[in-house]
file input_13.pdb (PDB, C-alpha atoms and all ligand atoms)
MODEL        1
ATOM      1  CA  MET A 502      80.484 183.883  11.954  1.00  0.00           C
ATOM      2  CA  ILE A 503      81.278 181.023   9.549  1.00  0.00           C
ATOM      3  CA  ASN A 504      84.765 179.590   9.778  1.00  0.00           C
ATOM      4  CA  VAL A 505      85.848 178.475   6.316  1.00  0.00           C
ATOM      5  CA  LYS A 506      88.867 176.198   5.991  1.00  0.00           C
ATOM      6  CA  ILE A 507      90.267 175.394   2.560  1.00  0.00           C
ATOM      7  CA  LEU A 508      92.571 172.448   1.935  1.00  0.00           C
ATOM      8  CA  THR A 509      94.409 173.109  -1.305  1.00  0.00           C
ATOM      9  CA  GLY A 510      97.638 172.511  -3.177  1.00  0.00           C
ATOM     10  CA  TYR A 511      97.342 176.043  -4.605  1.00  0.00           C
ATOM     11  CA  PRO A 512      97.008 178.349  -1.578  1.00  0.00           C
ATOM     12  CA  GLU A 513      97.983 181.384  -3.665  1.00  0.00           C
ATOM     13  CA  MET A 514      94.633 181.090  -5.501  1.00  0.00           C
ATOM     14  CA  PHE A 515      92.924 182.398  -2.318  1.00  0.00           C
ATOM     15  CA  PRO A 516      91.242 184.652  -1.337  1.00  0.00           C
ATOM     16  CA  GLY A 517      91.029 185.381  -5.104  1.00  0.00           C
ATOM     17  CA  GLY A 518      87.539 186.603  -5.934  1.00  0.00           C
ATOM     18  CA  LEU A 519      86.516 186.389  -2.286  1.00  0.00           C
ATOM     19  CA  ALA A 520      88.558 189.505  -1.492  1.00  0.00           C
ATOM     20  CA  HIS A 521      86.328 191.735  -3.625  1.00  0.00           C
ATOM     21  CA  SER A 522      82.900 193.386  -3.677  1.00  0.00           C
ATOM     22  CA  VAL A 523      80.347 192.469  -0.998  1.00  0.00           C
ATOM     23  CA  ILE A 524      82.132 189.220  -0.088  1.00  0.00           C
ATOM     24  CA  GLY A 525      85.462 191.029   0.367  1.00  0.00           C
ATOM     25  CA  LYS A 526      83.707 193.536   2.621  1.00  0.00           C
ATOM     26  CA  ALA A 527      82.188 190.678   4.650  1.00  0.00           C
ATOM     27  CA  LEU A 528      85.651 189.148   5.012  1.00  0.00           C
ATOM     28  CA  LYS A 529      87.113 192.452   6.246  1.00  0.00           C
ATOM     29  CA  GLU A 530      84.205 192.885   8.658  1.00  0.00           C
ATOM     30  CA  HIS A 531      84.735 189.339  10.030  1.00  0.00           C
ATOM     31  CA  LEU A 532      81.314 188.078   8.962  1.00  0.00           C
ATOM     32  CA  PHE A 533      83.250 184.986   7.930  1.00  0.00           C
ATOM     33  CA  LYS A 534      86.801 183.785   8.452  1.00  0.00           C
ATOM     34  CA  LEU A 535      89.013 182.181   5.816  1.00  0.00           C
ATOM     35  CA  GLU A 536      91.830 179.799   6.750  1.00  0.00           C
ATOM     36  CA  ILE A 537      93.935 178.341   3.938  1.00  0.00           C
ATOM     37  CA  ILE A 538      95.725 175.046   4.559  1.00  0.00           C
ATOM     38  CA  ASN A 539      98.489 174.131   2.115  1.00  0.00           C
ATOM     39  CA  LEU A 540      98.410 170.401   1.307  1.00  0.00           C
ATOM     40  CA  HIS A 541     102.118 170.565   0.455  1.00  0.00           C
ATOM     41  CA  ASP A 542     102.892 171.264   4.126  1.00  0.00           C
ATOM     42  CA  PHE A 543     101.742 167.689   4.771  1.00  0.00           C
ATOM     43  CA  GLY A 544     103.444 165.961   1.840  1.00  0.00           C
ATOM     44  CA  ILE A 545     105.483 162.799   2.399  1.00  0.00           C
ATOM     45  CA  ASP A 546     109.184 161.961   1.868  1.00  0.00           C
ATOM     46  CA  ASN A 547     111.824 164.556   1.036  1.00  0.00           C
ATOM     47  CA  ARG A 548     109.944 165.559  -2.128  1.00  0.00           C
ATOM     48  CA  LYS A 549     106.904 166.451  -0.033  1.00  0.00           C
ATOM     49  CA  SER A 550     104.674 164.596  -2.505  1.00  0.00           C
ATOM     50  CA  VAL A 551     100.939 164.915  -2.062  1.00  0.00           C
ATOM     51  CA  ASP A 552      99.873 162.622  -4.911  1.00  0.00           C
ATOM     52  CA  ASP A 553     100.722 159.328  -6.595  1.00  0.00           C
ATOM     53  CA  GLU A 554      99.762 157.144  -9.573  1.00  0.00           C
ATOM     54  CA  PRO A 555      96.364 155.401  -9.530  1.00  0.00           C
ATOM     55  CA  PHE A 556      96.326 151.704  -8.610  1.00  0.00           C
ATOM     56  CA  GLY A 557      95.074 149.741 -11.613  1.00  0.00           C
ATOM     57  CA  GLY A 558      96.668 152.191 -14.033  1.00  0.00           C
ATOM     58  CA  GLY A 559      95.294 155.164 -15.915  1.00  0.00           C
ATOM     59  CA  PRO A 560      96.250 158.761 -16.510  1.00  0.00           C
ATOM     60  CA  GLY A 561      96.936 161.481 -13.949  1.00  0.00           C
ATOM     61  CA  MET A 562      97.785 161.525 -10.285  1.00  0.00           C
ATOM     62  CA  ILE A 563      95.625 160.894  -7.223  1.00  0.00           C
ATOM     63  CA  LEU A 564      95.775 162.868  -3.974  1.00  0.00           C
ATOM     64  CA  ARG A 565      96.987 160.593  -1.130  1.00  0.00           C
ATOM     65  CA  PRO A 566      94.588 159.865   1.769  1.00  0.00           C
ATOM     66  CA  ASP A 567      97.312 160.201   4.461  1.00  0.00           C
ATOM     67  CA  VAL A 568      98.142 163.703   3.208  1.00  0.00           C
ATOM     68  CA  VAL A 569      94.479 164.729   3.249  1.00  0.00           C
ATOM     69  CA  GLU A 570      94.036 163.365   6.785  1.00  0.00           C
ATOM     70  CA  LYS A 571      97.089 165.187   8.165  1.00  0.00           C
ATOM     71  CA  ALA A 572      95.977 168.460   6.548  1.00  0.00           C
ATOM     72  CA  LEU A 573      92.463 168.000   7.954  1.00  0.00           C
ATOM     73  CA  LEU A 574      93.738 167.245  11.465  1.00  0.00           C
ATOM     74  CA  SER A 575      95.814 170.428  11.364  1.00  0.00           C
ATOM     75  CA  ALA A 576      92.653 172.486  10.870  1.00  0.00           C
ATOM     76  CA  SER A 577      91.767 173.374  14.450  1.00  0.00           C
ATOM     77  CA  ASN A 578      88.584 171.468  15.176  1.00  0.00           C
ATOM     78  CA  ASN A 579      85.871 172.098  17.717  1.00  0.00           C
ATOM     79  CA  GLN A 580      83.704 168.959  17.917  1.00  0.00           C
ATOM     80  CA  ASN A 581      80.633 170.919  18.993  1.00  0.00           C
ATOM     81  CA  LEU A 582      80.576 173.021  15.859  1.00  0.00           C
ATOM     82  CA  ASN A 583      77.794 172.727  13.346  1.00  0.00           C
ATOM     83  CA  SER A 584      80.191 171.776  10.577  1.00  0.00           C
ATOM     84  CA  THR A 585      80.444 170.131   7.157  1.00  0.00           C
ATOM     85  CA  LYS A 586      83.264 168.775   5.017  1.00  0.00           C
ATOM     86  CA  ILE A 587      82.964 169.205   1.267  1.00  0.00           C
ATOM     87  CA  TYR A 588      85.078 167.699  -1.496  1.00  0.00           C
ATOM     88  CA  LEU A 589      84.599 169.594  -4.752  1.00  0.00           C
ATOM     89  CA  THR A 590      84.435 167.296  -7.748  1.00  0.00           C
ATOM     90  CA  PRO A 591      82.459 167.117 -11.014  1.00  0.00           C
ATOM     91  CA  SER A 592      81.261 163.676  -9.827  1.00  0.00           C
ATOM     92  CA  GLY A 593      79.467 165.057  -6.770  1.00  0.00           C
ATOM     93  CA  THR A 594      75.822 165.982  -6.227  1.00  0.00           C
ATOM     94  CA  LEU A 595      74.880 169.200  -8.001  1.00  0.00           C
ATOM     95  CA  LEU A 596      75.024 172.412  -5.985  1.00  0.00           C
ATOM     96  CA  ASN A 597      71.847 174.490  -5.907  1.00  0.00           C
ATOM     97  CA  GLN A 598      70.390 177.509  -4.113  1.00  0.00           C
ATOM     98  CA  GLU A 599      68.726 175.376  -1.451  1.00  0.00           C
ATOM     99  CA  LYS A 600      72.071 173.747  -0.556  1.00  0.00           C
ATOM    100  CA  LEU A 601      73.765 177.159  -0.359  1.00  0.00           C
ATOM    101  CA  GLY A 602      71.101 178.226   2.132  1.00  0.00           C
ATOM    102  CA  ILE A 603      71.896 175.191   4.305  1.00  0.00           C
ATOM    103  CA  PHE A 604      75.672 175.826   4.163  1.00  0.00           C
ATOM    104  CA  ALA A 605      75.134 179.513   5.056  1.00  0.00           C
ATOM    105  CA  LYS A 606      73.685 178.479   8.439  1.00  0.00           C
ATOM    106  CA  LEU A 607      76.724 176.395   9.499  1.00  0.00           C
ATOM    107  CA  ASP A 608      79.491 177.443  11.921  1.00  0.00           C
ATOM    108  CA  GLU A 609      82.242 175.757   9.942  1.00  0.00           C
ATOM    109  CA  ILE A 610      82.768 174.688   6.321  1.00  0.00           C
ATOM    110  CA  ILE A 611      85.850 172.655   5.420  1.00  0.00           C
ATOM    111  CA  ILE A 612      86.509 172.399   1.683  1.00  0.00           C
ATOM    112  CA  LEU A 613      88.931 170.023   0.014  1.00  0.00           C
ATOM    113  CA  CYS A 614      89.999 171.207  -3.449  1.00  0.00           C
ATOM    114  CA  GLY A 615      91.128 168.457  -5.787  1.00  0.00           C
ATOM    115  CA  ARG A 616      93.546 168.894  -8.670  1.00  0.00           C
ATOM    116  CA  PHE A 617      95.100 165.956 -10.494  1.00  0.00           C
ATOM    117  CA  GLU A 618      92.746 163.097 -11.500  1.00  0.00           C
ATOM    118  CA  GLY A 619      91.061 163.045  -8.100  1.00  0.00           C
ATOM    119  CA  VAL A 620      91.368 162.031  -4.467  1.00  0.00           C
ATOM    120  CA  ASP A 621      91.838 158.542  -3.019  1.00  0.00           C
ATOM    121  CA  GLN A 622      88.267 157.355  -2.315  1.00  0.00           C
ATOM    122  CA  ARG A 623      89.228 156.179   1.190  1.00  0.00           C
ATOM    123  CA  ALA A 624      89.923 159.779   2.215  1.00  0.00           C
ATOM    124  CA  ILE A 625      86.443 160.811   1.058  1.00  0.00           C
ATOM    125  CA  ASP A 626      84.698 157.869   2.774  1.00  0.00           C
ATOM    126  CA  VAL A 627      86.675 157.611   6.021  1.00  0.00           C
ATOM    127  CA  LEU A 628      87.012 161.343   6.636  1.00  0.00           C
ATOM    128  CA  ASP A 629      83.368 161.871   5.695  1.00  0.00           C
ATOM    129  CA  PHE A 630      83.563 164.409   2.880  1.00  0.00           C
ATOM    130  CA  GLU A 631      80.366 165.260   0.990  1.00  0.00           C
ATOM    131  CA  GLU A 632      81.105 165.262  -2.770  1.00  0.00           C
ATOM    132  CA  VAL A 633      79.716 168.415  -4.389  1.00  0.00           C
ATOM    133  CA  SER A 634      79.812 169.588  -8.023  1.00  0.00           C
ATOM    134  CA  ILE A 635      79.130 173.163  -9.142  1.00  0.00           C
ATOM    135  CA  GLY A 636      77.893 172.070 -12.584  1.00  0.00           C
ATOM    136  CA  ASP A 637      78.027 169.539 -15.388  1.00  0.00           C
ATOM    137  CA  TYR A 638      81.406 170.580 -16.770  1.00  0.00           C
ATOM    138  CA  VAL A 639      84.967 169.818 -15.757  1.00  0.00           C
ATOM    139  CA  LEU A 640      87.350 172.428 -14.331  1.00  0.00           C
ATOM    140  CA  ALA A 641      91.071 171.872 -13.842  1.00  0.00           C
ATOM    141  CA  GLY A 642      90.641 171.850 -10.061  1.00  0.00           C
ATOM    142  CA  GLY A 643      88.387 172.679  -7.138  1.00  0.00           C
ATOM    143  CA  GLU A 644      89.801 176.112  -6.201  1.00  0.00           C
ATOM    144  CA  ILE A 645      87.554 178.193  -8.476  1.00  0.00           C
ATOM    145  CA  ALA A 646      84.621 175.900  -7.631  1.00  0.00           C
ATOM    146  CA  ALA A 647      85.263 176.585  -3.914  1.00  0.00           C
ATOM    147  CA  GLN A 648      85.103 180.320  -4.580  1.00  0.00           C
ATOM    148  CA  VAL A 649      81.843 179.885  -6.498  1.00  0.00           C
ATOM    149  CA  LEU A 650      80.313 177.890  -3.646  1.00  0.00           C
ATOM    150  CA  LEU A 651      81.529 180.335  -1.003  1.00  0.00           C
ATOM    151  CA  GLU A 652      80.426 183.476  -2.867  1.00  0.00           C
ATOM    152  CA  GLY A 653      76.935 181.990  -3.254  1.00  0.00           C
ATOM    153  CA  CYS A 654      76.875 180.995   0.399  1.00  0.00           C
ATOM    154  CA  ILE A 655      78.409 184.062   2.081  1.00  0.00           C
ATOM    155  CA  ARG A 656      76.017 186.483   0.365  1.00  0.00           C
ATOM    156  CA  LEU A 657      73.166 184.692   2.182  1.00  0.00           C
ATOM    157  CA  ILE A 658      74.603 185.506   5.636  1.00  0.00           C
ATOM    158  CA  PRO A 659      72.464 188.229   7.250  1.00  0.00           C
ATOM    159  CA  GLY A 660      74.194 191.612   6.983  1.00  0.00           C
ATOM    160  CA  VAL A 661      76.272 190.791   3.897  1.00  0.00           C
ATOM    161  CA  LEU A 662      73.924 192.232   1.262  1.00  0.00           C
ATOM    162  CA  GLY A 663      72.770 195.825   1.342  1.00  0.00           C
ATOM    163  CA  HIS A 664      69.219 194.908   0.349  1.00  0.00           C
ATOM    164  CA  PRO A 665      68.228 191.618   2.018  1.00  0.00           C
ATOM    165  CA  LYS A 666      64.714 192.008   0.573  1.00  0.00           C
ATOM    166  CA  SER A 667      66.142 191.313  -2.882  1.00  0.00           C
ATOM    167  CA  LEU A 668      66.968 187.750  -1.755  1.00  0.00           C
ATOM    168  CA  LEU A 669      63.261 186.979  -1.716  1.00  0.00           C
ATOM    169  CA  GLU A 670      62.758 187.934  -5.334  1.00  0.00           C
ATOM    170  CA  GLU A 671      65.906 186.611  -6.921  1.00  0.00           C
ATOM    171  CA  THR A 672      66.284 183.790  -9.391  1.00  0.00           C
ATOM    172  CA  PHE A 673      65.483 180.313  -7.998  1.00  0.00           C
ATOM    173  CA  SER A 674      63.294 181.507  -5.147  1.00  0.00           C
ATOM    174  CA  ASN A 675      59.934 179.810  -5.951  1.00  0.00           C
ATOM    175  CA  ASN A 676      61.643 177.920  -8.804  1.00  0.00           C
ATOM    176  CA  LEU A 677      61.360 180.941 -11.078  1.00  0.00           C
ATOM    177  CA  LEU A 678      64.054 182.757 -13.025  1.00  0.00           C
ATOM    178  CA  GLU A 679      64.218 186.465 -12.327  1.00  0.00           C
ATOM    179  CA  TYR A 680      62.210 188.937 -14.393  1.00  0.00           C
ATOM    180  CA  PRO A 681      64.073 191.374 -16.703  1.00  0.00           C
ATOM    181  CA  GLN A 682      65.228 194.689 -15.200  1.00  0.00           C
ATOM    182  CA  TYR A 683      65.654 198.134 -16.802  1.00  0.00           C
ATOM    183  CA  THR A 684      67.184 201.491 -15.829  1.00  0.00           C
ATOM    184  CA  ARG A 685      67.884 204.934 -17.341  1.00  0.00           C
ATOM    185  CA  PRO A 686      67.821 206.169 -20.033  1.00  0.00           C
ATOM    186  CA  LYS A 687      64.095 205.577 -20.533  1.00  0.00           C
ATOM    187  CA  VAL A 688      64.660 205.703 -24.284  1.00  0.00           C
ATOM    188  CA  TRP A 689      68.046 204.344 -25.324  1.00  0.00           C
ATOM    189  CA  GLU A 690      69.314 205.273 -28.780  1.00  0.00           C
ATOM    190  CA  ASP A 691      71.891 202.693 -29.878  1.00  0.00           C
ATOM    191  CA  SER A 692      74.920 203.372 -32.100  1.00  0.00           C
ATOM    192  CA  LEU A 693      72.826 202.628 -35.241  1.00  0.00           C
ATOM    193  CA  GLY A 694      70.245 205.240 -34.285  1.00  0.00           C
ATOM    194  CA  ASN A 695      67.581 202.708 -33.267  1.00  0.00           C
ATOM    195  CA  LYS A 696      65.478 203.704 -30.273  1.00  0.00           C
ATOM    196  CA  HIS A 697      64.567 201.242 -27.520  1.00  0.00           C
ATOM    197  CA  ASP A 698      61.985 202.126 -24.889  1.00  0.00           C
ATOM    198  CA  VAL A 699      61.500 200.330 -21.557  1.00  0.00           C
ATOM    199  CA  PRO A 700      58.229 198.398 -21.014  1.00  0.00           C
ATOM    200  CA  GLU A 701      55.577 201.026 -20.298  1.00  0.00           C
ATOM    201  CA  VAL A 702      54.153 199.354 -17.216  1.00  0.00           C
ATOM    202  CA  LEU A 703      57.433 199.886 -15.326  1.00  0.00           C
ATOM    203  CA  THR A 704      57.155 203.657 -15.544  1.00  0.00           C
ATOM    204  CA  SER A 705      53.402 203.693 -14.815  1.00  0.00           C
ATOM    205  CA  GLY A 706      53.809 203.853 -11.040  1.00  0.00           C
ATOM    206  CA  HIS A 707      51.044 201.200 -10.750  1.00  0.00           C
ATOM    207  CA  HIS A 708      52.548 198.747  -8.243  1.00  0.00           C
ATOM    208  CA  GLU A 709      50.001 195.948  -8.667  1.00  0.00           C
ATOM    209  CA  ASN A 710      50.411 195.974 -12.456  1.00  0.00           C
ATOM    210  CA  ILE A 711      54.200 196.003 -12.129  1.00  0.00           C
ATOM    211  CA  LYS A 712      54.072 193.026  -9.758  1.00  0.00           C
ATOM    212  CA  LYS A 713      51.823 191.076 -12.150  1.00  0.00           C
ATOM    213  CA  TRP A 714      53.989 191.954 -15.190  1.00  0.00           C
ATOM    214  CA  ARG A 715      57.125 190.766 -13.393  1.00  0.00           C
ATOM    215  CA  LEU A 716      55.540 187.478 -12.350  1.00  0.00           C
ATOM    216  CA  ASP A 717      54.286 186.903 -15.923  1.00  0.00           C
ATOM    217  CA  LYS A 718      57.752 187.612 -17.361  1.00  0.00           C
ATOM    218  CA  SER A 719      59.429 185.307 -14.824  1.00  0.00           C
ATOM    219  CA  THR A 720      56.990 182.520 -15.600  1.00  0.00           C
ATOM    220  CA  GLU A 721      57.304 182.996 -19.391  1.00  0.00           C
ATOM    221  CA  LYS A 722      61.116 182.918 -19.258  1.00  0.00           C
ATOM    222  CA  THR A 723      61.258 179.907 -16.935  1.00  0.00           C
ATOM    223  CA  LYS A 724      58.827 177.969 -19.135  1.00  0.00           C
ATOM    224  CA  LYS A 725      60.873 178.799 -22.243  1.00  0.00           C
ATOM    225  CA  ILE A 726      64.423 178.082 -21.076  1.00  0.00           C
ATOM    226  CA  ARG A 727      64.177 176.029 -17.848  1.00  0.00           C
ATOM    227  CA  GLN A 728      61.449 173.395 -18.269  1.00  0.00           C
ATOM    228  CA  ASP A 729      62.922 171.485 -15.295  1.00  0.00           C
ATOM    229  CA  LEU A 730      62.318 174.421 -12.912  1.00  0.00           C
ATOM    230  CA  TYR A 731      58.913 175.168 -14.422  1.00  0.00           C
ATOM    231  CA  ILE A 732      57.756 171.590 -13.820  1.00  0.00           C
ATOM    232  CA  LYS A 733      58.998 171.774 -10.204  1.00  0.00           C
ATOM    233  CA  LYS A 734      57.068 175.005  -9.698  1.00  0.00           C
ATOM    234  CA  GLU A 735      53.871 173.519 -11.145  1.00  0.00           C
ATOM    235  CA  GLN A 736      54.227 170.407  -8.960  1.00  0.00           C
ATOM    236  CA  LYS A 737      54.659 172.538  -5.814  1.00  0.00           C
ATOM    237  CA  GLN A 738      51.410 174.375  -6.568  1.00  0.00           C
ATOM    238  CA  ASP A 739      49.379 171.136  -6.853  1.00  0.00           C
TER     239      ASP A 739
HETATM  240  N1  LIG B   1      86.461 170.309  -9.996  1.00  0.00           N
HETATM  241  C1  LIG B   1      86.557 170.195 -11.327  1.00  0.00           C
HETATM  242  N2  LIG B   1      85.382 170.383 -11.917  1.00  0.00           N
HETATM  243  C2  LIG B   1      84.492 170.651 -10.923  1.00  0.00           C
HETATM  244  C3  LIG B   1      83.108 170.927 -10.890  1.00  0.00           C
HETATM  245  N3  LIG B   1      82.358 170.963 -11.992  1.00  0.00           N
HETATM  246  N4  LIG B   1      82.530 171.128  -9.694  1.00  0.00           N
HETATM  247  C4  LIG B   1      83.258 171.071  -8.568  1.00  0.00           C
HETATM  248  N5  LIG B   1      84.568 170.812  -8.534  1.00  0.00           N
HETATM  249  C5  LIG B   1      85.184 170.601  -9.702  1.00  0.00           C
ENDMDL
END

call {"tool": "encode", "arguments": {"input": "input_13.pdb", "output": "structure tokens", "more": "lines below"}}
Ligand code: ADE
result
Amino acid sequence: MINVKILTGYPEMFPGGLAHSVIGKALKEHLFKLEIINLHDFGIDNRKSVDDEPFGGGPGMILRPDVVEKALLSASNNQNLNSTKIYLTPSGTLLNQEKLGIFAKLDEIIILCGRFEGVDQRAIDVLDFEEVSIGDYVLAGGEIAAQVLLEGCIRLIPGVLGHPKSLLEETFSNNLLEYPQYTRPKVWEDSLGNKHDVPEVLTSGHHENIKKWRLDKSTEKTKKIRQDLYIKKEQKQD
């Protein structure tokens, strides 16, 4: 079971999306545990402040390192655990499927969610947080990013998904985007009266042809819209 500990100034944002669908079921079935630590419980002075102005000037507020340390120390810690500490920030290394697979094998994941302009760099360096970004865009804080990371990670835990075989074929395995999928009706008549059939091969029952068609479609799509992945795939084959 993975123990997830979230350090946040907005505890009411959790479990949020993590309470629903397959991840919510995994939470109920104790396939992972979620502990939310409110940074405001560790604020200083009578205002319980957790942030302050940046030295050197500039806009916004910075999360104080002493507050982060106290919150972290409060998270019950077993030294022997296979654990990682993540600080979610747009200036971190980009999250990908491979990283999610590594996180999914840990015993403990501690996530610091930033708001404000950021976190005092000493907290990140001294307390050994890995800086991770979920994409090249800026959110207002790390709480939604934490839920994105956790949803991607928890679904990889054995027993969480109904069809573990589908993990092998999904987007990003083998650096390929997933092939298009179709279901009933076989012929769909849209509201304008136009008829749209599904690709014939899929209803042929010929498994080898279906497999080849899907691989061709995956390759075609990857080449067209994700040159970066396509190049990686080609390099791996050499
Ligand atoms: N916080 C704000 N933007 C973020 C991003 N892109 N990734 C992770 N954390 C963030």

call {"tool": "closest_residue", "arguments": {"input": "input_13.pdb", "among": "A:Lys571, A:Arg623, A:Lys600, A:Lys713", "to": "A:Gly653", "atoms": "all atoms listed in the file"}}
result
A:Lys600

call {"tool": "atom_distance", "arguments": {"input": "input_13.pdb", "atom1": "atom C1 of ligand LIG 1 (chain B)", "atom2": "atom CA of A:Gln648"}}
result
12.3 Å

call {"tool": "residues_near_ligand", "arguments": {"input": "input_13.pdb", "ligand": "ligand LIG 1 (chain B)", "cutoff": "6 Å", "atoms": "only C-alpha atoms and all ligand atoms", "output": "PDB file with C-alpha atoms, keeping the file's coordinate frame"}}
result
ATOM      1  CA  LEU A 589      84.599 169.594  -4.752  1.00  0.00           C
ATOM      2  CA  THR A 590      84.435 167.296  -7.748  1.00  0.00           C
ATOM      3  CA  PRO A 591      82.459 167.117 -11.014  1.00  0.00           C
ATOM      4  CA  SER A 634      79.812 169.588  -8.023  1.00  0.00           C
ATOM      5  CA  ILE A 635      79.130 173.163  -9.142  1.00  0.00           C
ATOM      6  CA  GLY A 636      77.893 172.070 -12.584  1.00  0.00           C
ATOM      7  CA  ASP A 637      78.027 169.539 -15.388  1.00  0.00           C
ATOM      8  CA  TYR A 638      81.406 170.580 -16.770  1.00  0.00           C
ATOM      9  CA  VAL A 639      84.967 169.818 -15.757  1.00  0.00           C
ATOM     10  CA  LEU A 640      87.350 172.428 -14.331  1.00  0.00           C
ATOM     11  CA  ALA A 641      91.071 171.872 -13.842  1.00  0.00           C
ATOM     12  CA  GLY A 642      90.641 171.850 -10.061  1.00  0.00           C
ATOM     13  CA  GLY A 643      88.387 172.679  -7.138  1.00  0.00           C
ATOM     14  CA  ALA A 646      84.621 175.900  -7.631  1.00  0.00           C
TER      15      ALA A 646
END

call {"tool": "resolve_selection", "arguments": {"input": "input_13.pdb", "expression": "the PyMOL selection byres (((chain A and resi 652) around 12) and not hetatm)", "output": "NGL selection string"}}
result
:A and (505 or 516-528 or 533 or 598 or 601-602 or 604-605 or 645-651 or 653-658 or 661-662)

call {"tool": "closest_residue", "arguments": {"input": "input_13.pdb", "among": "A:Lys506, A:Asp739, A:Asn676, A:Trp689", "to": "A:Leu613", "atoms": "only C-alpha atoms"}}
result
A:Lys506

call {"tool": "resolve_selection", "arguments": {"input": "input_13.pdb", "expression": "the PyMOL selection byres (((chain A and resi 560-563) around 9) and not hetatm)", "output": "list of chain:residue names"}}
result
A:Val551, A:Asp552, A:Asp553, A:Glu554, A:Pro555, A:Gly558, A:Gly559, A:Leu564, A:Arg565, A:Gly615, A:Arg616, A:Phe617, A:Glu618, A:Gly619, A:Val620, A:Asp621

call {"tool": "closest_residue", "arguments": {"input": "input_13.pdb", "among": "A:Ile603, A:Val699, A:Leu730, A:Leu677", "to": "A:Lys718", "atoms": "all atoms listed in the file"}}
result
A:Leu677

call {"tool": "residues_around", "arguments": {"input": "input_13.pdb", "residues": "A:Pro700", "least_positions_apart": "5", "cutoff": "10 Å", "atoms": "only C-alpha atoms", "output": "list in words"}}
result
Gln682, Tyr683, Lys687, Ser705 and Trp714 of chain A

call {"tool": "decode", "arguments": {"input": "input_13.pdb", "residues": "stretch 606-617 of chain A", "atoms": "N, CA, C and O atoms", "output": "mmCIF file, in the first residue's frame"}}
result
data_model
loop_
_atom_site.group_PDB
_atom_site.id
_atom_site.type_symbol
_atom_site.label_atom_id
_atom_site.label_comp_id
_atom_site.auth_asym_id
_atom_site.auth_seq_id
_atom_site.Cartn_x
_atom_site.Cartn_y
_atom_site.Cartn_z
ATOM 1 N N LYS A 606 5.717 2.337 -7.474
ATOM 2 C CA LYS A 606 6.357 1.211 -6.774
ATOM 3 C C LYS A 606 6.854 1.609 -5.380
ATOM 4 O O LYS A 606 7.416 0.785 -4.660
ATOM 5 N N LEU A 607 6.656 2.884 -4.997
ATOM 6 C CA LEU A 607 7.162 3.355 -3.699
ATOM 7 C C LEU A 607 6.209 2.982 -2.565
ATOM 8 O O LEU A 607 5.044 2.653 -2.786
ATOM 9 N N ASP A 608 6.715 3.069 -1.324
ATOM 10 C CA ASP A 608 5.865 2.836 -0.140
ATOM 11 C C ASP A 608 5.250 4.147 0.333
ATOM 12 O O ASP A 608 4.211 4.157 0.981
ATOM 13 N N GLU A 609 5.958 5.244 0.043
ATOM 14 C CA GLU A 609 5.489 6.538 0.559
ATOM 15 C C GLU A 609 5.804 7.654 -0.445
ATOM 16 O O GLU A 609 6.902 7.706 -0.990
ATOM 17 N N ILE A 610 4.809 8.526 -0.664
ATOM 18 C CA ILE A 610 5.017 9.696 -1.523
ATOM 19 C C ILE A 610 4.577 10.916 -0.718
ATOM 20 O O ILE A 610 3.422 10.983 -0.274
ATOM 21 N N ILE A 611 5.488 11.848 -0.505
ATOM 22 C CA ILE A 611 5.135 13.082 0.198
ATOM 23 C C ILE A 611 5.120 14.203 -0.840
ATOM 24 O O ILE A 611 6.086 14.379 -1.588
ATOM 25 N N ILE A 612 4.005 14.914 -0.917
ATOM 26 C CA ILE A 612 3.882 15.962 -1.945
ATOM 27 C C ILE A 612 3.655 17.317 -1.294
ATOM 28 O O ILE A 612 2.735 17.490 -0.485
ATOM 29 N N LEU A 613 4.502 18.264 -1.658
ATOM 30 C CA LEU A 613 4.329 19.643 -1.198
ATOM 31 C C LEU A 613 3.651 20.431 -2.319
ATOM 32 O O LEU A 613 4.137 20.466 -3.452
ATOM 33 N N CYS A 614 2.490 21.026 -1.996
ATOM 34 C CA CYS A 614 1.769 21.826 -2.990
ATOM 35 C C CYS A 614 2.077 23.295 -2.736
ATOM 36 O O CYS A 614 1.814 23.791 -1.643
ATOM 37 N N GLY A 615 2.611 23.965 -3.731
ATOM 38 C CA GLY A 615 2.871 25.394 -3.591
ATOM 39 C C GLY A 615 1.649 26.186 -4.013
ATOM 40 O O GLY A 615 0.826 25.720 -4.790
ATOM 41 N N ARG A 616 1.486 27.339 -3.457
ATOM 42 C CA ARG A 616 0.552 28.366 -3.957
ATOM 43 C C ARG A 616 1.442 29.592 -4.039
ATOM 44 O O ARG A 616 2.651 29.473 -4.119
ATOM 45 N N PHE A 617 0.961 30.745 -3.952
ATOM 46 C CA PHE A 617 1.796 31.947 -3.880
ATOM 47 C C PHE A 617 2.801 31.950 -5.055
ATOM 48 O O PHE A 617 2.604 31.267 -6.039
#
